[in-house]
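Shown next: input_38.txt, containing compact mmCIF, N, CA and C atoms and all ligand atoms.
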# COMPACT_ATOMS: atom_id res chain seq x y z
N MET A 1 86.07 106.74 84.47
CA MET A 1 86.15 105.80 85.59
C MET A 1 86.36 106.58 86.89
N ALA A 2 85.69 106.16 87.89
CA ALA A 2 85.83 106.83 89.19
C ALA A 2 87.24 106.63 89.73
N SER A 3 87.77 107.66 90.37
CA SER A 3 89.07 107.50 91.01
C SER A 3 88.86 107.15 92.48
N LYS A 4 89.91 106.63 93.09
CA LYS A 4 89.78 106.23 94.49
C LYS A 4 89.56 107.45 95.38
N PRO A 5 88.73 107.31 96.39
CA PRO A 5 88.54 108.44 97.31
C PRO A 5 89.83 108.72 98.08
N VAL A 6 90.06 109.99 98.35
CA VAL A 6 91.26 110.39 99.09
C VAL A 6 90.83 110.95 100.45
N PRO A 7 91.42 110.46 101.53
CA PRO A 7 91.05 110.97 102.85
C PRO A 7 91.35 112.46 102.97
N VAL A 8 90.51 113.16 103.70
CA VAL A 8 90.72 114.58 103.95
C VAL A 8 91.15 114.75 105.40
N PRO A 9 92.42 115.16 105.63
CA PRO A 9 92.88 115.34 107.01
C PRO A 9 92.05 116.37 107.75
N THR A 10 91.80 116.12 109.02
CA THR A 10 91.13 117.07 109.90
C THR A 10 92.16 117.52 110.94
N PRO A 11 91.85 118.54 111.73
CA PRO A 11 92.83 118.94 112.77
C PRO A 11 93.24 117.76 113.67
N GLU A 12 92.28 116.88 114.00
CA GLU A 12 92.60 115.74 114.88
C GLU A 12 93.46 114.68 114.20
N THR A 13 93.30 114.51 112.88
CA THR A 13 94.01 113.44 112.19
C THR A 13 95.26 113.92 111.45
N LYS A 14 95.46 115.25 111.38
CA LYS A 14 96.58 115.78 110.59
C LYS A 14 97.94 115.19 111.01
N PRO A 15 98.24 115.05 112.30
CA PRO A 15 99.54 114.46 112.66
C PRO A 15 99.72 113.04 112.11
N PHE A 16 98.62 112.29 112.02
CA PHE A 16 98.68 110.95 111.45
C PHE A 16 99.08 111.02 109.98
N TRP A 17 98.39 111.89 109.22
CA TRP A 17 98.67 112.00 107.78
C TRP A 17 100.04 112.62 107.53
N ASP A 18 100.46 113.56 108.37
CA ASP A 18 101.82 114.12 108.24
C ASP A 18 102.86 113.02 108.43
N GLY A 19 102.59 112.11 109.37
CA GLY A 19 103.50 110.99 109.60
C GLY A 19 103.57 110.09 108.38
N CYS A 20 102.44 109.76 107.82
CA CYS A 20 102.41 108.92 106.61
C CYS A 20 103.21 109.56 105.49
N ALA A 21 103.06 110.88 105.33
CA ALA A 21 103.80 111.59 104.26
C ALA A 21 105.30 111.48 104.49
N ALA A 22 105.70 111.39 105.77
CA ALA A 22 107.12 111.27 106.11
C ALA A 22 107.56 109.80 106.17
N GLY A 23 106.67 108.87 105.81
CA GLY A 23 107.03 107.45 105.85
C GLY A 23 107.02 106.87 107.24
N GLU A 24 106.26 107.50 108.15
CA GLU A 24 106.19 107.01 109.53
C GLU A 24 104.74 106.78 109.92
N LEU A 25 104.50 105.68 110.64
CA LEU A 25 103.17 105.42 111.16
C LEU A 25 103.11 105.98 112.58
N ARG A 26 102.24 106.97 112.78
CA ARG A 26 102.15 107.63 114.09
C ARG A 26 100.76 107.41 114.68
N ILE A 27 100.73 107.05 115.95
CA ILE A 27 99.47 106.95 116.68
C ILE A 27 99.62 107.73 117.98
N GLN A 28 98.58 107.70 118.80
CA GLN A 28 98.62 108.46 120.04
C GLN A 28 98.75 107.55 121.25
N ARG A 29 99.25 108.12 122.33
CA ARG A 29 99.22 107.41 123.61
C ARG A 29 98.92 108.40 124.71
N CYS A 30 98.44 107.84 125.81
CA CYS A 30 98.06 108.62 126.97
C CYS A 30 99.28 108.78 127.87
N THR A 31 99.56 110.00 128.29
CA THR A 31 100.72 110.18 129.17
C THR A 31 100.33 109.96 130.63
N ASP A 32 99.03 109.77 130.92
CA ASP A 32 98.61 109.43 132.29
C ASP A 32 98.64 107.92 132.52
N CYS A 33 97.91 107.15 131.68
CA CYS A 33 97.88 105.70 131.90
C CYS A 33 98.87 104.95 131.00
N GLY A 34 99.47 105.67 130.05
CA GLY A 34 100.54 105.08 129.24
C GLY A 34 100.09 104.20 128.10
N ARG A 35 98.78 104.07 127.90
CA ARG A 35 98.31 103.12 126.88
C ARG A 35 98.19 103.78 125.51
N PRO A 36 98.65 103.08 124.47
CA PRO A 36 98.51 103.61 123.11
C PRO A 36 97.12 103.35 122.57
N TYR A 37 96.69 104.17 121.61
CA TYR A 37 95.38 103.94 121.00
C TYR A 37 95.33 104.50 119.59
N PHE A 38 94.37 104.01 118.84
CA PHE A 38 94.07 104.45 117.49
C PHE A 38 92.59 104.16 117.29
N TYR A 39 91.80 105.00 116.68
CA TYR A 39 92.00 106.13 115.82
C TYR A 39 92.28 107.40 116.62
N PRO A 40 92.70 108.46 115.92
CA PRO A 40 93.05 109.69 116.63
C PRO A 40 91.86 110.34 117.32
N ARG A 41 92.09 110.75 118.56
CA ARG A 41 91.10 111.54 119.29
C ARG A 41 91.78 112.25 120.43
N PRO A 42 91.18 113.35 120.92
CA PRO A 42 91.89 114.21 121.87
C PRO A 42 91.84 113.71 123.32
N VAL A 43 91.06 112.66 123.58
CA VAL A 43 90.91 112.16 124.95
C VAL A 43 91.21 110.66 124.97
N CYS A 44 91.95 110.19 125.96
CA CYS A 44 92.30 108.78 126.08
C CYS A 44 91.05 107.91 126.22
N PRO A 45 90.87 106.89 125.35
CA PRO A 45 89.67 106.05 125.44
C PRO A 45 89.71 105.09 126.63
N HIS A 46 90.88 104.95 127.27
CA HIS A 46 91.02 104.01 128.38
C HIS A 46 90.69 104.68 129.73
N CYS A 47 91.17 105.92 129.92
CA CYS A 47 91.00 106.54 131.24
C CYS A 47 90.38 107.94 131.19
N GLY A 48 90.15 108.47 129.98
CA GLY A 48 89.49 109.76 129.89
C GLY A 48 90.41 110.96 130.03
N SER A 49 91.71 110.73 130.17
CA SER A 49 92.64 111.84 130.32
C SER A 49 92.80 112.59 129.01
N ALA A 50 93.00 113.91 129.11
CA ALA A 50 93.26 114.71 127.91
C ALA A 50 94.76 114.90 127.70
N ASP A 51 95.58 114.28 128.55
CA ASP A 51 97.04 114.38 128.40
C ASP A 51 97.51 113.26 127.48
N VAL A 52 97.48 113.54 126.19
CA VAL A 52 97.84 112.53 125.20
C VAL A 52 98.93 113.11 124.30
N GLU A 53 99.68 112.19 123.65
CA GLU A 53 100.76 112.63 122.76
C GLU A 53 100.83 111.71 121.56
N TRP A 54 101.47 112.18 120.50
CA TRP A 54 101.71 111.38 119.30
C TRP A 54 103.07 110.71 119.42
N PHE A 55 103.19 109.52 118.87
CA PHE A 55 104.51 108.87 118.77
C PHE A 55 104.52 107.98 117.54
N THR A 56 105.73 107.62 117.11
CA THR A 56 105.90 106.80 115.92
C THR A 56 106.03 105.33 116.34
N VAL A 57 105.19 104.49 115.75
CA VAL A 57 105.24 103.06 116.07
C VAL A 57 106.23 102.35 115.14
N SER A 58 106.47 101.07 115.43
CA SER A 58 107.48 100.30 114.69
C SER A 58 107.08 100.03 113.24
N GLY A 59 105.78 99.97 112.98
CA GLY A 59 105.32 99.58 111.64
C GLY A 59 105.10 98.08 111.53
N ASP A 60 105.41 97.35 112.60
CA ASP A 60 105.18 95.90 112.61
C ASP A 60 103.76 95.61 113.10
N ALA A 61 103.15 94.60 112.49
CA ALA A 61 101.78 94.24 112.86
C ALA A 61 101.55 92.77 112.53
N THR A 62 100.41 92.26 112.97
CA THR A 62 100.00 90.91 112.57
C THR A 62 98.57 90.99 112.03
N LEU A 63 98.23 90.02 111.20
CA LEU A 63 96.90 90.01 110.57
C LEU A 63 95.88 89.51 111.59
N TYR A 64 94.93 90.38 111.91
CA TYR A 64 93.92 90.04 112.91
C TYR A 64 92.66 89.47 112.26
N SER A 65 92.20 90.09 111.19
CA SER A 65 91.01 89.64 110.49
C SER A 65 90.97 90.27 109.11
N TYR A 66 90.18 89.70 108.21
CA TYR A 66 90.09 90.30 106.88
C TYR A 66 88.83 89.81 106.17
N VAL A 67 88.46 90.53 105.11
CA VAL A 67 87.51 90.03 104.12
C VAL A 67 88.16 90.24 102.76
N ILE A 68 87.81 89.38 101.81
CA ILE A 68 88.29 89.55 100.44
C ILE A 68 87.13 90.13 99.64
N SER A 69 87.36 91.32 99.10
CA SER A 69 86.30 91.98 98.34
C SER A 69 86.41 91.64 96.86
N HIS A 70 85.33 91.11 96.31
CA HIS A 70 85.26 90.83 94.87
C HIS A 70 84.40 91.86 94.15
N ARG A 71 83.74 92.69 94.94
CA ARG A 71 82.89 93.73 94.35
C ARG A 71 83.53 95.06 94.68
N PRO A 72 84.12 95.71 93.67
CA PRO A 72 84.91 96.91 93.96
C PRO A 72 84.07 98.09 94.44
N ALA A 73 84.60 98.82 95.41
CA ALA A 73 84.05 100.13 95.75
C ALA A 73 84.43 101.06 94.59
N PRO A 74 83.73 102.19 94.45
CA PRO A 74 84.07 103.10 93.34
C PRO A 74 85.56 103.46 93.35
N GLY A 75 86.21 103.26 92.20
CA GLY A 75 87.64 103.56 92.09
C GLY A 75 88.53 102.35 92.28
N PHE A 76 87.99 101.23 92.73
CA PHE A 76 88.80 100.06 93.05
C PHE A 76 88.63 98.92 92.05
N THR A 77 88.05 99.25 90.89
CA THR A 77 87.76 98.22 89.89
C THR A 77 89.00 97.41 89.50
N ASP A 78 90.15 98.10 89.33
CA ASP A 78 91.37 97.42 88.89
C ASP A 78 92.00 96.56 89.98
N ASP A 79 91.51 96.70 91.21
CA ASP A 79 92.17 96.02 92.34
C ASP A 79 91.50 94.70 92.74
N VAL A 80 90.29 94.43 92.28
CA VAL A 80 89.59 93.24 92.75
C VAL A 80 90.27 91.95 92.26
N PRO A 81 90.31 90.89 93.05
CA PRO A 81 89.90 90.90 94.45
C PRO A 81 90.97 91.56 95.33
N TYR A 82 90.54 92.21 96.41
CA TYR A 82 91.52 92.83 97.31
C TYR A 82 91.12 92.56 98.76
N ALA A 83 92.10 92.63 99.62
CA ALA A 83 91.87 92.29 101.02
C ALA A 83 91.67 93.55 101.85
N ILE A 84 90.53 93.62 102.53
CA ILE A 84 90.25 94.66 103.52
C ILE A 84 90.49 94.00 104.87
N ALA A 85 91.41 94.56 105.63
CA ALA A 85 91.87 93.84 106.82
C ALA A 85 91.87 94.72 108.06
N VAL A 86 91.86 94.04 109.20
CA VAL A 86 92.17 94.67 110.47
C VAL A 86 93.49 94.07 110.92
N VAL A 87 94.47 94.93 111.15
CA VAL A 87 95.76 94.45 111.62
C VAL A 87 95.95 94.89 113.07
N GLN A 88 96.70 94.07 113.79
CA GLN A 88 97.02 94.42 115.18
C GLN A 88 98.45 94.93 115.20
N LEU A 89 98.63 96.19 115.55
CA LEU A 89 99.97 96.76 115.63
C LEU A 89 100.75 96.09 116.75
N ALA A 90 102.07 96.03 116.59
CA ALA A 90 102.92 95.45 117.64
C ALA A 90 102.71 96.18 118.97
N GLU A 91 102.33 97.46 118.89
CA GLU A 91 102.12 98.28 120.10
C GLU A 91 100.73 98.04 120.71
N GLY A 92 99.85 97.28 120.02
CA GLY A 92 98.56 96.92 120.62
C GLY A 92 97.32 97.32 119.85
N PRO A 93 97.20 98.61 119.48
CA PRO A 93 95.96 99.01 118.81
C PRO A 93 95.76 98.32 117.46
N ARG A 94 94.50 98.23 117.06
CA ARG A 94 94.16 97.65 115.76
C ARG A 94 93.82 98.76 114.77
N MET A 95 94.04 98.45 113.50
CA MET A 95 93.88 99.45 112.45
C MET A 95 93.27 98.78 111.23
N MET A 96 92.29 99.44 110.60
CA MET A 96 91.73 98.92 109.35
C MET A 96 92.59 99.40 108.19
N THR A 97 92.85 98.49 107.24
CA THR A 97 93.80 98.81 106.17
C THR A 97 93.59 97.83 105.02
N ASN A 98 94.50 97.87 104.04
CA ASN A 98 94.52 96.88 102.97
C ASN A 98 95.82 96.07 103.09
N ILE A 99 95.74 94.81 102.67
CA ILE A 99 96.94 93.97 102.61
C ILE A 99 97.39 93.93 101.15
N VAL A 100 98.65 94.20 100.92
CA VAL A 100 99.20 94.20 99.56
C VAL A 100 100.40 93.25 99.52
N GLY A 101 100.85 92.97 98.29
CA GLY A 101 102.07 92.19 98.13
C GLY A 101 101.89 90.69 98.19
N LEU A 102 100.65 90.24 98.15
CA LEU A 102 100.37 88.81 98.08
C LEU A 102 98.96 88.62 97.52
N PRO A 103 98.66 87.44 96.99
CA PRO A 103 97.32 87.25 96.42
C PRO A 103 96.24 87.39 97.49
N ALA A 104 95.12 87.98 97.13
CA ALA A 104 94.00 88.11 98.07
C ALA A 104 93.21 86.80 98.06
N THR A 105 93.80 85.78 98.68
CA THR A 105 93.16 84.47 98.78
C THR A 105 93.26 83.99 100.22
N PRO A 106 92.33 83.12 100.64
CA PRO A 106 92.42 82.58 102.00
C PRO A 106 93.71 81.79 102.22
N GLU A 107 94.26 81.21 101.14
CA GLU A 107 95.50 80.44 101.28
C GLU A 107 96.68 81.36 101.62
N ALA A 108 96.70 82.53 101.01
CA ALA A 108 97.83 83.44 101.21
C ALA A 108 97.68 84.27 102.49
N LEU A 109 96.44 84.56 102.85
CA LEU A 109 96.19 85.43 104.00
C LEU A 109 96.03 84.56 105.25
N GLU A 110 97.10 84.47 105.99
CA GLU A 110 97.11 83.60 107.17
C GLU A 110 96.94 84.47 108.41
N LEU A 111 95.96 84.17 109.23
CA LEU A 111 95.76 84.96 110.44
C LEU A 111 97.03 84.91 111.29
N ASP A 112 97.33 86.05 111.93
CA ASP A 112 98.52 86.23 112.77
C ASP A 112 99.82 86.32 111.98
N MET A 113 99.75 86.29 110.65
CA MET A 113 101.00 86.40 109.88
C MET A 113 101.64 87.76 110.14
N PRO A 114 102.99 87.80 110.21
CA PRO A 114 103.67 89.08 110.44
C PRO A 114 103.59 89.99 109.21
N LEU A 115 103.29 91.24 109.47
CA LEU A 115 103.12 92.25 108.42
C LEU A 115 103.97 93.46 108.76
N ARG A 116 104.21 94.24 107.72
CA ARG A 116 104.94 95.49 107.94
C ARG A 116 104.29 96.60 107.11
N VAL A 117 104.25 97.79 107.68
CA VAL A 117 103.59 98.90 106.99
C VAL A 117 104.39 99.33 105.77
N ARG A 118 103.67 99.77 104.76
CA ARG A 118 104.27 100.53 103.68
C ARG A 118 103.26 101.59 103.28
N PHE A 119 103.70 102.56 102.50
CA PHE A 119 102.83 103.70 102.21
C PHE A 119 102.58 103.82 100.73
N GLU A 120 101.30 104.07 100.40
CA GLU A 120 100.91 104.24 99.00
C GLU A 120 100.39 105.66 98.80
N GLN A 121 100.90 106.29 97.76
CA GLN A 121 100.48 107.65 97.45
C GLN A 121 99.13 107.63 96.74
N ARG A 122 98.20 108.42 97.21
CA ARG A 122 96.91 108.55 96.53
C ARG A 122 96.54 110.03 96.56
N GLY A 123 96.56 110.67 95.40
CA GLY A 123 96.33 112.11 95.39
C GLY A 123 97.42 112.79 96.22
N ASP A 124 96.99 113.68 97.10
CA ASP A 124 97.95 114.40 97.94
C ASP A 124 98.26 113.66 99.23
N VAL A 125 97.64 112.51 99.42
CA VAL A 125 97.74 111.82 100.71
C VAL A 125 98.49 110.50 100.56
N SER A 126 99.31 110.19 101.55
CA SER A 126 100.00 108.91 101.60
C SER A 126 99.24 108.01 102.57
N LEU A 127 98.91 106.79 102.10
CA LEU A 127 98.05 105.89 102.90
C LEU A 127 98.83 104.69 103.41
N PRO A 128 98.65 104.30 104.67
CA PRO A 128 99.34 103.11 105.17
C PRO A 128 98.61 101.84 104.72
N VAL A 129 99.37 100.92 104.14
CA VAL A 129 98.88 99.58 103.82
C VAL A 129 99.90 98.61 104.42
N PHE A 130 99.57 97.33 104.44
CA PHE A 130 100.48 96.38 105.06
C PHE A 130 100.82 95.25 104.09
N ALA A 131 102.07 94.83 104.12
CA ALA A 131 102.57 93.76 103.27
C ALA A 131 103.22 92.71 104.17
N PRO A 132 103.38 91.48 103.67
CA PRO A 132 104.06 90.46 104.47
C PRO A 132 105.43 90.96 104.93
N ALA A 133 105.76 90.72 106.18
CA ALA A 133 107.00 91.25 106.76
C ALA A 133 108.23 90.74 106.02
N GLU A 134 108.21 89.48 105.58
CA GLU A 134 109.37 88.92 104.87
C GLU A 134 109.66 89.69 103.60
N ALA A 135 108.61 89.95 102.81
CA ALA A 135 108.77 90.68 101.55
C ALA A 135 109.27 92.10 101.83
N ALA A 136 108.74 92.71 102.88
CA ALA A 136 109.15 94.08 103.23
C ALA A 136 110.62 94.12 103.62
N ALA A 137 111.06 93.12 104.39
CA ALA A 137 112.46 93.06 104.82
C ALA A 137 113.38 92.87 103.61
N LYS A 138 112.94 92.04 102.66
CA LYS A 138 113.74 91.79 101.46
C LYS A 138 113.86 93.08 100.63
N ALA A 139 112.73 93.79 100.47
CA ALA A 139 112.74 95.04 99.69
C ALA A 139 113.64 96.07 100.35
N GLU A 140 113.61 96.15 101.70
CA GLU A 140 114.45 97.10 102.40
C GLU A 140 115.92 96.75 102.24
N ALA A 141 116.24 95.44 102.28
CA ALA A 141 117.63 94.99 102.13
C ALA A 141 118.14 95.31 100.72
N GLU A 142 117.28 95.11 99.73
CA GLU A 142 117.68 95.40 98.35
C GLU A 142 117.90 96.90 98.15
N ALA A 143 117.03 97.70 98.74
CA ALA A 143 117.18 99.16 98.64
C ALA A 143 118.48 99.59 99.31
N GLU A 144 118.77 98.94 100.44
CA GLU A 144 120.01 99.25 101.18
C GLU A 144 121.23 98.90 100.33
N ALA A 145 121.20 97.72 99.69
CA ALA A 145 122.32 97.23 98.88
C ALA A 145 122.54 98.11 97.64
N ALA A 146 121.45 98.72 97.15
CA ALA A 146 121.55 99.54 95.94
C ALA A 146 122.16 100.90 96.23
N ARG A 147 122.26 101.30 97.51
CA ARG A 147 122.81 102.61 97.85
C ARG A 147 124.31 102.67 97.69
ZN ZN A 201 94.76 107.03 129.66
Starting from the file, lay out its structure as structure tokens.
Amino acid sequence: MASKPVPVPTPETKPFWDGCAAGELRIQRCTDCGRPYFYPRPVCPHCGSADVEWFTVSGDATLYSYVISHRPAPGFTDDVPYAIAVVQLAEGPRMMTNIVGLPATPEALELDMPLRVRFEQRGDVSLPVFAPAEAAAKAEAEAEAAR
């Protein structure tokens, strides 16, 4: 059976993947116009400045759009149906990802629903996916209580 493809970090995306490995979602912002952006690139897409920096975002997002895939990509046979989504980060930029922690149905996937990032290990890379914020808060509270 085919295994899931694993992203290969490049010099431009390495800080993003390093953040994921540390359990942090990191994107870039422009230090000239101040606007955050994603995907990673060395020049601000808003004003063209090369003065950009990495920072860690809150991990909060809302569901912007999605499709439910019933035909698995290679390696995703066990996951169908699954949600391929675009989420809007609380900081503004949008990100393509998967929604986990709820059924991949139109009834469960409510546009604008609050989501929170979590990380899934795949090979050597940790990947950001998003789960309903309520479930994420509950899991964090339980982990806290178990300490
Ligand atoms: Zn800019």
Report, as JSON, the axis-aligned box around all atoms of region 72-87 of chain A present in the file, extended by 5 Å on each side; give centre and edge lengths in Å to one decimal place.
{"center_x": 89.8, "center_y": 97.2, "center_z": 101.0, "size_x": 22.2, "size_y": 22.7, "size_z": 34.2}
How would you report the residues lying within 6 Å of ligand ZN 201 (chain A), as a short mmCIF file (atom, residue, chain, number, x, y, z; two decimals) with N, CA and C atoms, keeping the file's coordinate frame, if you count all atoms listed in the file?
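Produced file out-v6.cif, reproduced below:
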data_model
loop_
_atom_site.label_atom_id
_atom_site.label_comp_id
_atom_site.auth_asym_id
_atom_site.auth_seq_id
_atom_site.Cartn_x
_atom_site.Cartn_y
_atom_site.Cartn_z
N CYS A 30 98.44 107.84 125.81
CA CYS A 30 98.06 108.62 126.97
C CYS A 30 99.28 108.78 127.87
N THR A 31 99.56 110.00 128.29
CA THR A 31 100.72 110.18 129.17
C THR A 31 100.33 109.96 130.63
N ASP A 32 99.03 109.77 130.92
CA ASP A 32 98.61 109.43 132.29
C ASP A 32 98.64 107.92 132.52
N CYS A 33 97.91 107.15 131.68
CA CYS A 33 97.88 105.70 131.90
C CYS A 33 98.87 104.95 131.00
N GLY A 34 99.47 105.67 130.05
CA GLY A 34 100.54 105.08 129.24
C GLY A 34 100.09 104.20 128.10
N ARG A 35 98.78 104.07 127.90
CA ARG A 35 98.31 103.12 126.88
C ARG A 35 98.19 103.78 125.51
N CYS A 44 91.95 110.19 125.96
CA CYS A 44 92.30 108.78 126.08
C CYS A 44 91.05 107.91 126.22
N PRO A 45 90.87 106.89 125.35
CA PRO A 45 89.67 106.05 125.44
C PRO A 45 89.71 105.09 126.63
N HIS A 46 90.88 104.95 127.27
CA HIS A 46 91.02 104.01 128.38
C HIS A 46 90.69 104.68 129.73
N CYS A 47 91.17 105.92 129.92
CA CYS A 47 91.00 106.54 131.24
C CYS A 47 90.38 107.94 131.19
N GLY A 48 90.15 108.47 129.98
CA GLY A 48 89.49 109.76 129.89
C GLY A 48 90.41 110.96 130.03
N SER A 49 91.71 110.73 130.17
CA SER A 49 92.64 111.84 130.32
C SER A 49 92.80 112.59 129.01
#
Subject >> Spatial neighbours of Pro5 (chain A), max dist 8 Å, all atoms listed in the file, sep filter under 2 positions, as number ranges by chain >> reply: A: 2-3, 7-8, 73-76, 122-123
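Distance annotation: of A:Val67, A:Ala50, A:Thr13, A:Lys138, the residue with the minimal separation from Ile84 (chain A) is A:Val67; atom set is only N, CA and C atoms.
Neighbouring residues of Ser126 (chain A) at 7 Å or closer, counting only N, CA and C atoms and skipping chain neighbours under 3 positions away, are A:Trp17, A:Cys20, A:Ala21, A:Phe119, A:Glu120, A:Gln121, A:Arg122, A:Gly123.
Counting all atoms listed in the file, the residue from A:Tyr64, A:Ala146, A:Gly101, A:Glu110 that sits nearest to Ala131 (chain A) is A:Gly101.
The two atoms in question, atom C of Pro36 (chain A) and CA of Glu91 (chain A), are spaced 7.5 Å apart.
We find atom C of Trp54 (chain A) and atom N of Val86 (chain A) to be spaced 22.5 Å apart.
Closest approach to Thr77 (chain A) among A:Lys4, A:Pro114, A:Glu24, A:Glu12 is made by A:Lys4 (distances from all atoms listed in the file).
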Original post:
Nearest to Arg116 (chain A): which of A:Ala85, A:Ala104, A:Val129, A:Ile27 is it, counting only N, CA and C atoms?
Top reply: A:Val129
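Here CA of Gln88 (chain A) is placed at a distance of 8.7 Å from CA of Asp60 (chain A).
Proximity to Leu89 (chain A) was assessed for A:Pro72, A:Gly23, A:Gly59, A:Pro106 counting all atoms listed in the file; the smallest distance is recorded for A:Gly59.
Using only C-alpha atoms for every distance, the candidate list A:Val57, A:Ala83, A:Leu127, A:Ala141 yields A:Leu127 as the residue closest to Asp18 (chain A).
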Please reconstruct the missing atoms of region 20-36 of chain A (target: N, CA, C and O atoms) and return them as a PDB file, in the coordinates of the input.
ATOM      1  N   CYS A  20     102.440 109.760 107.820  1.00  0.00           N
ATOM      2  CA  CYS A  20     102.410 108.920 106.610  1.00  0.00           C
ATOM      3  C   CYS A  20     103.210 109.560 105.490  1.00  0.00           C
ATOM      4  O   CYS A  20     103.966 108.876 104.777  1.00  0.00           O
ATOM      5  N   ALA A  21     103.060 110.880 105.330  1.00  0.00           N
ATOM      6  CA  ALA A  21     103.800 111.590 104.260  1.00  0.00           C
ATOM      7  C   ALA A  21     105.300 111.480 104.490  1.00  0.00           C
ATOM      8  O   ALA A  21     106.083 111.465 103.543  1.00  0.00           O
ATOM      9  N   ALA A  22     105.700 111.390 105.770  1.00  0.00           N
ATOM     10  CA  ALA A  22     107.120 111.270 106.110  1.00  0.00           C
ATOM     11  C   ALA A  22     107.560 109.800 106.170  1.00  0.00           C
ATOM     12  O   ALA A  22     108.697 109.507 106.558  1.00  0.00           O
ATOM     13  N   GLY A  23     106.670 108.870 105.810  1.00  0.00           N
ATOM     14  CA  GLY A  23     107.030 107.450 105.850  1.00  0.00           C
ATOM     15  C   GLY A  23     107.020 106.870 107.240  1.00  0.00           C
ATOM     16  O   GLY A  23     107.686 105.870 107.508  1.00  0.00           O
ATOM     17  N   GLU A  24     106.260 107.500 108.150  1.00  0.00           N
ATOM     18  CA  GLU A  24     106.190 107.010 109.530  1.00  0.00           C
ATOM     19  C   GLU A  24     104.740 106.780 109.920  1.00  0.00           C
ATOM     20  O   GLU A  24     103.870 107.605 109.603  1.00  0.00           O
ATOM     21  N   LEU A  25     104.500 105.680 110.640  1.00  0.00           N
ATOM     22  CA  LEU A  25     103.170 105.420 111.160  1.00  0.00           C
ATOM     23  C   LEU A  25     103.110 105.980 112.580  1.00  0.00           C
ATOM     24  O   LEU A  25     103.857 105.563 113.452  1.00  0.00           O
ATOM     25  N   ARG A  26     102.240 106.970 112.780  1.00  0.00           N
ATOM     26  CA  ARG A  26     102.150 107.630 114.090  1.00  0.00           C
ATOM     27  C   ARG A  26     100.760 107.410 114.680  1.00  0.00           C
ATOM     28  O   ARG A  26      99.755 107.584 113.987  1.00  0.00           O
ATOM     29  N   ILE A  27     100.730 107.050 115.950  1.00  0.00           N
ATOM     30  CA  ILE A  27      99.470 106.950 116.680  1.00  0.00           C
ATOM     31  C   ILE A  27      99.620 107.730 117.980  1.00  0.00           C
ATOM     32  O   ILE A  27     100.662 108.337 118.221  1.00  0.00           O
ATOM     33  N   GLN A  28      98.580 107.700 118.800  1.00  0.00           N
ATOM     34  CA  GLN A  28      98.620 108.460 120.040  1.00  0.00           C
ATOM     35  C   GLN A  28      98.750 107.550 121.250  1.00  0.00           C
ATOM     36  O   GLN A  28      98.425 106.358 121.199  1.00  0.00           O
ATOM     37  N   ARG A  29      99.250 108.120 122.330  1.00  0.00           N
ATOM     38  CA  ARG A  29      99.220 107.410 123.610  1.00  0.00           C
ATOM     39  C   ARG A  29      98.920 108.400 124.710  1.00  0.00           C
ATOM     40  O   ARG A  29      99.107 109.610 124.562  1.00  0.00           O
ATOM     41  N   CYS A  30      98.440 107.840 125.810  1.00  0.00           N
ATOM     42  CA  CYS A  30      98.060 108.620 126.970  1.00  0.00           C
ATOM     43  C   CYS A  30      99.280 108.780 127.870  1.00  0.00           C
ATOM     44  O   CYS A  30      99.962 107.802 128.163  1.00  0.00           O
ATOM     45  N   THR A  31      99.560 110.000 128.290  1.00  0.00           N
ATOM     46  CA  THR A  31     100.720 110.180 129.170  1.00  0.00           C
ATOM     47  C   THR A  31     100.330 109.960 130.630  1.00  0.00           C
ATOM     48  O   THR A  31     101.196 109.939 131.497  1.00  0.00           O
ATOM     49  N   ASP A  32      99.030 109.770 130.920  1.00  0.00           N
ATOM     50  CA  ASP A  32      98.610 109.430 132.290  1.00  0.00           C
ATOM     51  C   ASP A  32      98.640 107.920 132.520  1.00  0.00           C
ATOM     52  O   ASP A  32      99.321 107.443 133.415  1.00  0.00           O
ATOM     53  N   CYS A  33      97.910 107.150 131.680  1.00  0.00           N
ATOM     54  CA  CYS A  33      97.880 105.700 131.900  1.00  0.00           C
ATOM     55  C   CYS A  33      98.870 104.950 131.000  1.00  0.00           C
ATOM     56  O   CYS A  33      99.099 103.751 131.168  1.00  0.00           O
ATOM     57  N   GLY A  34      99.470 105.670 130.050  1.00  0.00           N
ATOM     58  CA  GLY A  34     100.540 105.080 129.240  1.00  0.00           C
ATOM     59  C   GLY A  34     100.090 104.200 128.100  1.00  0.00           C
ATOM     60  O   GLY A  34     100.923 103.638 127.388  1.00  0.00           O
ATOM     61  N   ARG A  35      98.780 104.070 127.900  1.00  0.00           N
ATOM     62  CA  ARG A  35      98.310 103.120 126.880  1.00  0.00           C
ATOM     63  C   ARG A  35      98.190 103.780 125.510  1.00  0.00           C
ATOM     64  O   ARG A  35      97.644 104.886 125.394  1.00  0.00           O
ATOM     65  N   PRO A  36      98.650 103.080 124.470  1.00  0.00           N
ATOM     66  CA  PRO A  36      98.510 103.610 123.110  1.00  0.00           C
ATOM     67  C   PRO A  36      97.120 103.350 122.570  1.00  0.00           C
ATOM     68  O   PRO A  36      96.437 102.418 123.017  1.00  0.00           O
TER      69      PRO A  36
END
